[in-house]
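Chemist: What follows is model.txt, made up of compact mmCIF, C-alpha atoms and all ligand atoms:
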# COMPACT_ATOMS: atom_id res chain seq x y z
CA MET A 17 0.00 0.00 0.00
CA LEU A 18 1.23 3.53 -0.80
CA LYS A 19 1.88 6.08 1.92
CA LYS A 20 -0.42 9.09 1.66
CA THR A 21 -0.74 12.43 3.44
CA PHE A 22 -3.06 15.29 2.50
CA PHE A 23 -2.49 18.90 3.57
CA PRO A 24 -4.55 22.08 3.16
CA GLY A 25 -2.95 24.46 0.63
CA ARG A 26 -2.28 27.16 3.25
CA TYR A 27 -2.90 27.47 6.98
CA ILE A 28 -3.03 30.94 8.54
CA GLN A 29 -3.78 31.51 12.24
CA GLY A 30 -3.69 34.41 14.68
CA PRO A 31 -5.49 37.54 15.89
CA SER A 32 -7.08 39.52 13.02
CA ALA A 33 -6.27 36.73 10.53
CA LEU A 34 -9.66 37.50 8.93
CA GLU A 35 -8.05 40.58 7.35
CA GLN A 36 -6.24 38.18 5.01
CA LEU A 37 -9.51 36.91 3.50
CA PRO A 38 -9.96 39.49 0.70
CA GLN A 39 -6.46 38.82 -0.64
CA LEU A 40 -6.91 35.05 -0.41
CA ILE A 41 -10.15 35.34 -2.41
CA LEU A 42 -8.43 37.49 -5.05
CA ASN A 43 -5.57 34.97 -5.29
CA LYS A 44 -8.02 32.24 -6.24
CA GLY A 45 -10.67 33.89 -8.40
CA LYS A 46 -12.72 36.83 -9.58
CA GLN A 47 -16.23 36.00 -8.37
CA GLY A 48 -16.15 34.98 -4.71
CA LEU A 49 -19.06 33.72 -2.62
CA VAL A 50 -19.07 33.33 1.16
CA LEU A 51 -21.38 30.71 2.64
CA ALA A 52 -21.81 32.11 6.15
CA SER A 53 -23.54 30.82 9.27
CA ALA A 54 -25.62 33.33 11.25
CA SER A 55 -22.73 34.07 13.63
CA ALA A 56 -20.27 34.34 10.71
CA ARG A 57 -22.57 36.91 9.05
CA ARG A 58 -22.60 38.91 12.25
CA ILE A 59 -18.79 38.80 12.48
CA LEU A 60 -18.44 39.88 8.83
CA SER A 61 -20.76 42.84 9.29
CA GLU A 62 -19.03 43.90 12.53
CA LYS A 63 -15.52 43.59 11.13
CA GLY A 64 -16.47 44.72 7.62
CA GLY A 65 -13.69 42.54 6.24
CA LEU A 66 -15.08 42.21 2.71
CA ALA A 67 -16.17 45.81 2.09
CA GLU A 68 -13.40 46.42 -0.43
CA LEU A 69 -14.43 43.46 -2.58
CA PRO A 70 -17.55 44.41 -4.54
CA ASP A 71 -17.65 41.08 -6.36
CA VAL A 72 -18.06 38.95 -3.23
CA TRP A 73 -21.55 37.72 -2.46
CA ILE A 74 -22.47 36.61 1.08
CA GLU A 75 -25.02 33.78 1.23
CA SER A 76 -26.63 32.60 4.48
CA PHE A 77 -26.22 28.93 5.37
CA SER A 78 -29.53 27.14 6.02
CA GLY A 79 -28.18 25.24 9.05
CA GLU A 80 -27.90 21.67 7.72
CA CYS A 81 -25.34 20.03 5.46
CA CYS A 82 -27.93 18.12 3.40
CA GLU A 83 -28.63 17.49 -0.30
CA LYS A 84 -31.40 20.12 -0.36
CA GLU A 85 -28.95 22.82 0.80
CA LEU A 86 -26.26 21.54 -1.58
CA HIS A 87 -28.67 21.76 -4.55
CA ARG A 88 -29.73 25.27 -3.55
CA LEU A 89 -26.12 26.35 -3.31
CA ALA A 90 -25.17 24.70 -6.63
CA GLU A 91 -27.82 26.84 -8.38
CA ILE A 92 -26.50 30.04 -6.81
CA LEU A 93 -22.87 29.19 -7.67
CA LYS A 94 -23.89 28.65 -11.29
CA LYS A 95 -26.03 31.77 -11.53
CA LYS A 96 -23.35 34.00 -10.03
CA GLN A 97 -20.54 32.30 -11.95
CA THR A 98 -18.66 31.84 -8.69
CA ASP A 99 -15.04 30.73 -9.10
CA VAL A 100 -14.00 30.64 -5.43
CA LEU A 101 -16.16 29.59 -2.46
CA VAL A 102 -15.57 30.46 1.20
CA GLY A 103 -17.14 28.38 4.00
CA MET A 104 -17.35 30.40 7.21
CA GLY A 105 -18.90 29.21 10.49
CA GLY A 106 -19.10 25.91 12.38
CA GLY A 107 -18.58 22.37 11.13
CA LYS A 108 -21.75 22.06 9.04
CA ALA A 109 -21.34 25.34 7.12
CA ILE A 110 -17.73 24.36 6.43
CA ASP A 111 -18.65 20.85 5.27
CA THR A 112 -21.40 22.20 2.98
CA ALA A 113 -18.94 24.63 1.35
CA LYS A 114 -16.36 21.85 0.87
CA ILE A 115 -18.81 19.56 -0.94
CA ALA A 116 -20.43 22.35 -2.98
CA ALA A 117 -17.03 23.63 -4.17
CA ASP A 118 -15.88 20.12 -5.02
CA ARG A 119 -18.99 19.46 -7.12
CA ALA A 120 -18.61 22.83 -8.87
CA GLY A 121 -14.91 22.21 -9.50
CA ILE A 122 -13.79 25.44 -7.78
CA PRO A 123 -11.38 26.03 -4.86
CA VAL A 124 -12.68 26.36 -1.30
CA LEU A 125 -11.36 28.57 1.51
CA ILE A 126 -12.31 27.68 5.09
CA VAL A 127 -12.82 30.18 7.92
CA PRO A 128 -13.86 28.37 11.13
CA THR A 129 -15.46 30.56 13.81
CA ILE A 130 -15.14 27.88 16.52
CA ALA A 131 -12.44 25.25 17.24
CA SER A 132 -14.79 22.39 18.13
CA THR A 133 -13.66 19.80 15.54
CA ASP A 134 -10.81 18.96 13.18
CA ALA A 135 -13.02 19.29 10.06
CA PRO A 136 -11.57 22.54 8.59
CA CYS A 137 -8.27 21.16 7.21
CA SER A 138 -9.55 17.85 5.87
CA GLY A 139 -10.76 16.90 2.41
CA CYS A 140 -13.80 15.00 3.61
CA ALA A 141 -17.21 16.07 4.88
CA VAL A 142 -20.32 14.50 6.39
CA VAL A 143 -23.72 14.72 4.68
CA TYR A 144 -26.87 14.55 6.84
CA SER A 145 -30.58 14.19 6.07
CA GLU A 146 -32.73 17.33 6.37
CA ASP A 147 -33.52 16.15 9.93
CA GLY A 148 -29.86 15.93 10.87
CA ILE A 149 -29.40 12.15 10.67
CA PHE A 150 -26.00 10.94 9.44
CA GLU A 151 -26.13 9.84 5.78
CA SER A 152 -22.66 9.54 4.27
CA VAL A 153 -19.08 10.79 4.14
CA HIS A 154 -18.13 12.77 1.03
CA TYR A 155 -14.46 12.73 -0.04
CA GLN A 156 -13.34 15.75 -2.06
CA LYS A 157 -10.89 15.62 -4.96
CA SER A 158 -8.61 18.11 -3.19
CA SER A 159 -8.03 19.57 0.27
CA PRO A 160 -9.16 23.13 1.10
CA ALA A 161 -7.02 25.72 -0.74
CA ALA A 162 -6.59 27.69 2.49
CA VAL A 163 -7.72 27.58 6.12
CA LEU A 164 -7.91 30.91 7.90
CA VAL A 165 -8.28 30.89 11.69
CA ASP A 166 -8.82 34.23 13.42
CA THR A 167 -8.15 33.53 17.10
CA GLU A 168 -9.86 36.77 18.16
CA ILE A 169 -13.07 35.22 16.82
CA ILE A 170 -12.36 31.75 18.30
CA VAL A 171 -11.65 33.13 21.80
CA LYS A 172 -15.04 34.88 21.92
CA ALA A 173 -16.97 31.64 21.28
CA PRO A 174 -18.29 29.66 24.29
CA SER A 175 -15.42 27.66 25.87
CA ARG A 176 -17.37 24.40 25.56
CA PHE A 177 -16.56 24.45 21.82
CA LEU A 178 -12.80 24.58 22.43
CA VAL A 179 -13.07 21.81 25.05
CA ALA A 180 -15.09 19.61 22.67
CA GLY A 181 -12.41 20.28 20.04
CA MET A 182 -9.84 18.98 22.51
CA GLY A 183 -11.93 15.82 22.94
CA ASP A 184 -11.90 15.30 19.17
CA ALA A 185 -8.16 16.05 18.98
CA LEU A 186 -7.42 13.75 21.94
CA ALA A 187 -8.46 10.77 19.81
CA THR A 188 -6.07 11.60 16.97
CA TRP A 189 -2.85 10.14 18.40
CA PHE A 190 -4.45 6.98 19.85
CA GLU A 191 -6.25 6.21 16.60
CA ALA A 192 -3.18 6.99 14.43
CA ARG A 193 -1.06 4.77 16.70
CA SER A 194 -3.51 1.87 16.32
CA CYS A 195 -3.61 2.22 12.52
CA HIS A 196 0.19 2.38 12.40
CA GLN A 197 0.54 -0.74 14.55
CA THR A 198 -1.90 -2.77 12.46
CA ARG A 199 -0.87 -1.20 9.12
CA SER A 200 -4.46 -0.15 8.50
CA PRO A 201 -5.27 2.49 5.86
CA ASN A 202 -5.73 6.15 6.85
CA VAL A 203 -8.56 8.40 5.63
CA CYS A 204 -6.51 9.29 2.51
CA GLY A 205 -6.62 5.59 1.52
CA GLY A 206 -2.92 4.91 2.17
CA LEU A 207 -0.53 4.19 5.01
CA ALA A 208 0.59 6.98 7.33
CA THR A 209 3.74 8.92 6.47
CA GLN A 210 6.29 9.76 9.17
CA ALA A 211 4.87 13.29 9.00
CA GLY A 212 1.33 12.05 9.67
CA ILE A 213 2.44 10.06 12.73
CA ALA A 214 4.64 12.87 14.12
CA ILE A 215 1.85 15.44 13.70
CA ALA A 216 -0.65 13.17 15.49
CA LYS A 217 1.79 12.71 18.41
CA LEU A 218 2.50 16.46 18.58
CA CYS A 219 -1.24 17.11 18.69
CA HIS A 220 -1.54 14.90 21.78
CA ASP A 221 1.48 16.41 23.54
CA ILE A 222 0.25 19.99 23.01
CA LEU A 223 -3.19 19.17 24.42
CA ARG A 224 -1.69 17.59 27.53
CA GLN A 225 0.75 20.48 28.08
CA TYR A 226 -1.39 23.47 27.23
CA GLY A 227 -4.99 22.18 27.54
CA PRO A 228 -5.58 23.45 31.10
CA MET A 229 -4.31 26.99 30.37
CA ALA A 230 -6.16 27.10 27.06
CA LYS A 231 -9.40 26.14 28.79
CA ILE A 232 -8.99 28.94 31.35
CA SER A 233 -8.13 31.38 28.54
CA ALA A 234 -11.26 30.44 26.61
CA GLU A 235 -13.45 30.77 29.71
CA LYS A 236 -12.13 34.26 30.38
CA GLU A 237 -11.97 35.19 26.64
CA LEU A 238 -8.24 35.91 26.94
CA LEU A 239 -5.93 35.39 23.99
CA THR A 240 -2.81 33.58 25.32
CA PRO A 241 0.00 31.56 23.68
CA ALA A 242 -1.50 28.41 25.27
CA LEU A 243 -4.84 29.09 23.57
CA GLU A 244 -3.07 29.62 20.24
CA HIS A 245 -1.25 26.28 20.68
CA VAL A 246 -4.46 24.39 21.42
CA VAL A 247 -6.38 26.01 18.56
CA GLU A 248 -3.58 24.83 16.26
CA ALA A 249 -3.74 21.35 17.80
CA ASN A 250 -7.54 21.16 17.46
CA ILE A 251 -7.71 22.44 13.88
CA LEU A 252 -4.39 21.87 12.05
CA LEU A 253 -2.58 19.05 13.85
CA SER A 254 -5.69 16.99 14.54
CA GLY A 255 -6.97 17.66 11.01
CA ILE A 256 -3.82 16.37 9.31
CA GLY A 257 -3.35 13.77 12.07
CA PHE A 258 -6.71 12.03 11.68
CA GLU A 259 -6.79 12.18 7.90
CA SER A 260 -3.19 11.04 7.41
CA GLY A 261 -2.90 8.91 10.58
CA GLY A 262 -6.24 7.11 10.35
CA LEU A 263 -9.30 6.49 12.52
CA ALA A 264 -9.88 3.55 14.87
CA CYS A 265 -12.03 2.76 17.90
CA ALA A 266 -12.73 6.23 19.40
CA HIS A 267 -14.63 7.51 16.35
CA ALA A 268 -16.41 4.17 15.86
CA ILE A 269 -17.61 4.30 19.47
CA HIS A 270 -18.73 7.90 18.84
CA ASN A 271 -20.72 6.71 15.84
CA GLY A 272 -22.21 3.93 17.98
CA LEU A 273 -23.24 6.39 20.69
CA THR A 274 -25.16 8.49 18.14
CA ALA A 275 -27.66 5.59 17.95
CA LEU A 276 -28.86 6.63 21.42
CA GLU A 277 -31.01 9.75 21.28
CA GLU A 278 -29.90 10.99 24.71
CA THR A 279 -26.42 11.70 23.31
CA HIS A 280 -27.66 14.04 20.54
CA ALA A 281 -27.42 17.06 22.84
CA PHE A 282 -23.67 16.48 23.20
CA TYR A 283 -20.98 17.65 20.79
CA HIS A 284 -19.00 15.37 18.50
CA GLY A 285 -15.77 15.82 20.51
CA GLU A 286 -17.50 15.09 23.81
CA LYS A 287 -18.67 11.69 22.57
CA VAL A 288 -15.28 11.05 20.95
CA ALA A 289 -13.54 11.70 24.31
CA PHE A 290 -15.61 8.96 25.96
CA GLY A 291 -14.74 6.79 22.94
CA VAL A 292 -11.05 7.37 23.70
CA LEU A 293 -11.46 6.24 27.33
CA THR A 294 -13.49 3.19 26.28
CA GLY A 295 -10.92 2.39 23.61
CA LEU A 296 -7.99 2.48 26.04
CA ILE A 297 -9.71 -0.15 28.17
CA LEU A 298 -10.85 -2.18 25.15
CA THR A 299 -7.34 -2.30 23.65
CA ASP A 300 -5.61 -3.01 26.97
CA ALA A 301 -3.53 0.19 27.00
CA PRO A 302 -1.03 0.49 29.89
CA PRO A 303 -3.08 1.36 33.05
CA GLU A 304 -0.93 4.40 33.84
CA GLU A 305 -1.65 5.79 30.35
CA THR A 306 -5.39 5.21 30.82
CA GLN A 307 -5.36 6.92 34.23
CA GLY A 308 -3.50 9.89 32.74
CA VAL A 309 -6.14 10.33 30.02
CA PHE A 310 -8.93 10.08 32.63
CA ALA A 311 -7.21 12.82 34.65
CA PHE A 312 -6.93 15.02 31.54
CA CYS A 313 -10.62 14.59 30.66
CA GLU A 314 -11.61 15.34 34.27
CA GLU A 315 -9.57 18.54 34.30
CA MET A 316 -11.01 19.65 30.95
CA GLY A 317 -14.58 18.77 31.94
CA LEU A 318 -14.91 16.18 29.16
CA PRO A 319 -17.29 13.23 29.77
CA THR A 320 -15.81 10.31 31.72
CA THR A 321 -19.04 8.43 32.52
CA LEU A 322 -22.12 7.36 30.57
CA GLY A 323 -24.13 9.64 32.88
CA ASP A 324 -22.09 12.59 31.58
CA LEU A 325 -23.50 11.80 28.10
CA GLY A 326 -27.11 11.70 29.31
CA LEU A 327 -27.10 7.89 29.56
CA VAL A 328 -27.62 7.62 33.30
CA ARG A 329 -30.64 5.35 33.02
CA CYS A 330 -29.65 3.54 29.84
CA ASP A 331 -29.96 -0.24 30.20
CA ARG A 332 -27.65 -2.93 28.83
CA THR A 333 -29.93 -3.75 25.88
CA ARG A 334 -29.89 -0.19 24.55
CA LEU A 335 -26.19 0.24 25.20
CA MET A 336 -25.69 -2.94 23.19
CA GLN A 337 -27.28 -1.16 20.18
CA ALA A 338 -24.51 1.45 20.40
CA ALA A 339 -21.84 -1.27 20.76
CA GLU A 340 -23.22 -3.13 17.73
CA LYS A 341 -23.30 0.04 15.64
CA ALA A 342 -19.68 0.74 16.66
CA CYS A 343 -18.75 -2.74 15.37
CA ALA A 344 -20.54 -2.51 11.98
CA PRO A 345 -18.35 -4.03 9.25
CA GLU A 346 -17.47 -0.66 7.67
CA GLU A 347 -16.44 0.91 11.00
CA SER A 348 -12.89 2.04 11.78
CA ILE A 349 -12.95 0.01 15.01
CA HIS A 350 -11.67 -2.91 12.92
CA ASN A 351 -8.40 -0.99 12.46
CA GLU A 352 -7.60 -2.06 16.04
CA ALA A 353 -5.55 -5.20 16.64
CA GLY A 354 -7.39 -8.50 17.14
CA ARG A 355 -11.08 -9.26 16.77
CA ILE A 356 -13.34 -6.58 18.26
CA THR A 357 -16.85 -7.69 19.26
CA PRO A 358 -19.93 -5.76 20.45
CA GLU A 359 -19.73 -7.63 23.80
CA GLY A 360 -16.15 -6.44 24.26
CA VAL A 361 -17.12 -2.84 23.40
CA LEU A 362 -20.12 -2.92 25.75
CA ASN A 363 -17.96 -4.20 28.62
CA ALA A 364 -15.32 -1.55 27.93
CA MET A 365 -17.96 1.25 27.88
CA LEU A 366 -19.39 0.09 31.21
CA ALA A 367 -15.90 -0.36 32.70
CA ALA A 368 -14.81 3.11 31.54
CA SER A 369 -17.95 4.63 33.05
CA ALA A 370 -17.46 2.75 36.35
CA MET A 371 -13.84 3.93 36.46
CA GLY A 372 -15.00 7.51 35.84
CA GLU A 373 -17.49 7.22 38.75
CA ARG A 374 -14.92 5.65 41.07
CA ARG A 375 -12.34 8.35 40.40
CA ARG A 376 -14.94 11.07 40.94
CA ASN A 377 -15.90 9.60 44.32
CA ILE A 378 -12.26 9.42 45.40
CA VAL A 379 -11.44 12.95 44.23
CA HIS A 380 -14.45 14.57 45.92
ZN ZN B 401 -13.72 13.73 14.92
What's the structure tokens form of this structure?
Ligand SMILES: [Zn+2]

Modeler:
Amino acid sequence: MLKKTFFPGRYIQGPSALEQLPQLILNKGKQGLVLASASARRILSEKGGLAELPDVWIESFSGECCEKELHRLAEILKKKQTDVLVGMGGGKAIDTAKIAADRAGIPVLIVPTIASTDAPCSGCAVVYSEDGIFESVHYQKSSPAAVLVDTEIIVKAPSRFLVAGMGDALATWFEARSCHQTRSPNVCGGLATQAGIAIAKLCHDILRQYGPMAKISAEKELLTPALEHVVEANILLSGIGFESGGLACAHAIHNGLTALEETHAFYHGEKVAFGVLTGLILTDAPPEETQGVFAFCEEMGLPTTLGDLGLVRCDRTRLMQAAEKACAPEESIHNEAGRITPEGVLNAMLAASAMGERRRNIVH
């Protein structure tokens, strides 16, 4: 199998990075269109960043990355002869822009307004039904042409987004390590390069070193070097790390948990974090490593028990539905070593949750 690593064309991060957007648009085309979430629209009107570009149209995102929205957008792109598309907002606005640009054969620029997932730098996106139910993963022909992260915007978002982003990024190293050990393919359809592995490991180390300070910074809306480091870990390092390192049990367990309605109120990264803890127990990671990850999640306020994900009264039968979904044949859980079964996953979920409870009772 070939080694493969995908990168975004450019990555720009820092306070007032949004000021770079007009030039980036001009570098790529003549007729720009910004697909903007409601909060992105507000930011654009406050900062007035596109005033000097008369040929840029701002279009409001409908709220769901679904075929209906993609068709609507395709019509607008055609009518306005758009040759560069910008996706600005949260994960779904970004994903919609990535798919729409890919189908139209034009470059896409990504401007995340929160750091809650590692979606911005990757060349894949998730399509949902109009009601928000997962439908499929769409792989683009190329990675985003540029990713622009204005940390003055990120720091003003609720801190829960940054913490959820750390939960998503926490999985990157453990999943890349598993794929490397079993020589399983990454999301680019190849084996990890040395760069992919090193970036995934760096992502983990930055979270563990700077996570606590970044969380405090986000809560107080203070721009600090630690916050900058963690934003880079959540968006750039985790983005390259998961795509070029590969996915394994944590994301499969996340997908399994989405089968239980109680978890829908929780963010992607929050469910992924519990998937990491479950995965460490499932794959027999060294106990001191597992305890260290529990301690990190506790300090960050990430879920460490099923109760933390709204599953306090969930019985074994329903939890088994999640475990079975996590073990579906197409799931990345099979990138782990050995044979993974729903029974094993269920036991690991319950054991992780019991460990989370036990530690909480000892600490308090
Ligand atoms: Zn993820």

Chemist: Quick one: residues within 9 Å of ligand ZN 401 (chain B), with all atoms listed in the file, as a list of chain:residue names?

Modeler: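 Selection of residues at most 9 Å from ligand ZN 401 (chain B): A:Thr133, A:Asp134, A:Ala135, A:Gly181, A:Gly183, A:Asp184, A:Ala185, A:Ala187, A:Thr188, A:Ser254, A:Gly255, A:Phe258, A:Leu263, A:Ala266, A:His267, A:His270, A:His284, A:Gly285, A:Val288.
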
Chemist: For region 123-127 of chain A, find every residue with an atom within 9 Å (counting all atoms listed in the file), except residues of its own chain fewer than 3 positions away, and show them as a PyMOL selection string.

Modeler: chain A and resi 34+37+40-41+44-45+56+99-106+110+113-114+116-118+120+136-137+158-166

Chemist: Nearest residue to Leu207 (chain A) out of A:Gly261, A:Gly317, A:Gly360, A:Pro228, using all atoms listed in the file?

Modeler: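 The shortest atom-to-atom distance to Leu207 (chain A) comes from A:Gly261.
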
Chemist: Neighbouring residues of Thr98 (chain A) were defined as those with any atom within 8 Å, considering only C-alpha atoms; residues of the same chain fewer than 6 positions away were excluded. Please report them as a PyMOL selection string.

Modeler: chain A and resi 46-49

Chemist: Please indicate the distance in Å from CA of Ile92 (chain A) to CA of Asp147 (chain A), rounded to one decimal place.

Modeler: 22.9 Å

Chemist: Just the residues within 10 Å of Phe282 (chain A), please, counting all atoms listed in the file, with nothing from its chain fewer than 2 positions along; format it as a compact mmCIF listing (two decimals) with C-alpha atoms, in the frame of the given file.

Modeler:
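Output file around-v3.txt follows:
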# COMPACT_ATOMS: atom_id res chain seq x y z
CA ALA A 180 -15.09 19.61 22.67
CA THR A 274 -25.16 8.49 18.14
CA GLU A 278 -29.90 10.99 24.71
CA THR A 279 -26.42 11.70 23.31
CA HIS A 280 -27.66 14.04 20.54
CA HIS A 284 -19.00 15.37 18.50
CA GLY A 285 -15.77 15.82 20.51
CA GLU A 286 -17.50 15.09 23.81
CA LYS A 287 -18.67 11.69 22.57
CA PRO A 319 -17.29 13.23 29.77
CA ASP A 324 -22.09 12.59 31.58
CA LEU A 325 -23.50 11.80 28.10
CA GLY A 326 -27.11 11.70 29.31

Chemist: Which distance in Å separates CA of Val171 (chain A) and CA of Val246 (chain A), to one decimal?

Modeler: 11.3 Å

Chemist: For a test of reading the model, state the distance in Å between CA of Arg374 (chain A) and CA of Cys343 (chain A), rounded to one decimal.

Modeler: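 Between CA of Arg374 (chain A) and CA of Cys343 (chain A) the gap works out to 27.3 Å.
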
Chemist: Could you list, as a list in words, every residue within 12 Å of region 333-335 of chain A, counting only C-alpha atoms and ignoring same-chain residues fewer than 2 positions away?

Modeler: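 After dropping sequence-adjacent residues, the list is Ile269, Gly272, Leu273, Thr274, Ala275, Leu276, Glu277, Glu278, Thr279, Leu322, Leu327, Val328, Arg329, Cys330, Asp331, Gln337, Ala338, Ala339, Glu340, Lys341, Ala342, Pro358, Glu359, Val361, Leu362, Asn363, Ala364, Met365 and Leu366 of chain A.
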
Chemist: Which residue gives the smallest distance to Leu252 (chain A) among A:Lys20, A:Arg176, A:Arg57, A:Arg26, with all atoms listed in the file counted?

Modeler: A:Arg26

Chemist: Would you kindly identify which residues have an atom no farther than 10 Å from (-3.8, 19.8, 28.4), using all atoms listed in the file and the file's own coordinates, and write them out as a CSV table (one decimal) with C-alpha atoms, in the coordinates of the input?

Modeler:
chain,number,residue,atom,x,y,z
A,182,MET,CA,-9.8,19.0,22.5
A,186,LEU,CA,-7.4,13.8,21.9
A,220,HIS,CA,-1.5,14.9,21.8
A,221,ASP,CA,1.5,16.4,23.5
A,222,ILE,CA,0.2,20.0,23.0
A,223,LEU,CA,-3.2,19.2,24.4
A,224,ARG,CA,-1.7,17.6,27.5
A,225,GLN,CA,0.8,20.5,28.1
A,226,TYR,CA,-1.4,23.5,27.2
A,227,GLY,CA,-5.0,22.2,27.5
A,228,PRO,CA,-5.6,23.4,31.1
A,229,MET,CA,-4.3,27.0,30.4
A,230,ALA,CA,-6.2,27.1,27.1
A,231,LYS,CA,-9.4,26.1,28.8
A,242,ALA,CA,-1.5,28.4,25.3
A,246,VAL,CA,-4.5,24.4,21.4
A,309,VAL,CA,-6.1,10.3,30.0
A,311,ALA,CA,-7.2,12.8,34.6
A,312,PHE,CA,-6.9,15.0,31.5
A,313,CYS,CA,-10.6,14.6,30.7
A,315,GLU,CA,-9.6,18.5,34.3
A,316,MET,CA,-11.0,19.6,31.0

Chemist: Anything within 9 Å of (0.7, 5.0, -0.2): list those residues as a ChimeraX atom specification, counting all atoms listed in the file and sticking to the file's coordinates.

Modeler: /A:17-21,201,204-209

Chemist: Using only C-alpha atoms, please write the residues we just selected to a file, as a short mmCIF file (atom, residue, chain, number, x, y, z; two decimals), keeping the file's coordinate frame.

Modeler:
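Heads up, here's the output in again_3.cif:
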data_model
loop_
_atom_site.label_atom_id
_atom_site.label_comp_id
_atom_site.auth_asym_id
_atom_site.auth_seq_id
_atom_site.Cartn_x
_atom_site.Cartn_y
_atom_site.Cartn_z
CA MET A 17 0.00 0.00 0.00
CA LEU A 18 1.23 3.53 -0.80
CA LYS A 19 1.88 6.08 1.92
CA LYS A 20 -0.42 9.09 1.66
CA THR A 21 -0.74 12.43 3.44
CA PRO A 201 -5.27 2.49 5.86
CA CYS A 204 -6.51 9.29 2.51
CA GLY A 205 -6.62 5.59 1.52
CA GLY A 206 -2.92 4.91 2.17
CA LEU A 207 -0.53 4.19 5.01
CA ALA A 208 0.59 6.98 7.33
CA THR A 209 3.74 8.92 6.47
#

Chemist: For a quick check of understanding, using only C-alpha atoms, which of A:Pro128, A:Pro241, A:Gly295, A:Gly372 has the smallest distance to Asn351 (chain A)?

Modeler: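 Closest to Asn351 (chain A), using only C-alpha atoms: A:Gly295.
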
Chemist: Listing only residues of region 69-97 of chain A within 10 Å of region 140-143 of chain A, what is the closest atom pair and its distance in Å (to one decimal) for each, using all atoms listed in the file, sorted by chain and residue number ascending, as CSV?

Modeler:
residue,atom,partner,partner_atom,distance
A:Glu80,CA,A:Val143,CA,8.7
A:Cys81,CA,A:Val143,CA,5.6
A:Cys82,CA,A:Val143,CA,5.6
A:Glu83,CA,A:Val143,CA,7.5
A:Leu86,CA,A:Val143,CA,9.6

Chemist: Return the single residue from A:Thr167, A:Ala264, A:Leu178, A:Ile122 that is closest to Ser194 (chain A), with distances computed using all atoms listed in the file.

Modeler: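 Closest to Ser194 (chain A), using all atoms listed in the file: A:Ala264.
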
Chemist: Calculated over all atoms listed in the file, which of the candidates A:Ile356, A:Ala367, A:Ala67, A:Val247 has the smallest distance to Ile297 (chain A)?

Modeler: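 Of the candidates, the smallest distance to Ile297 (chain A) is held by A:Ala367.
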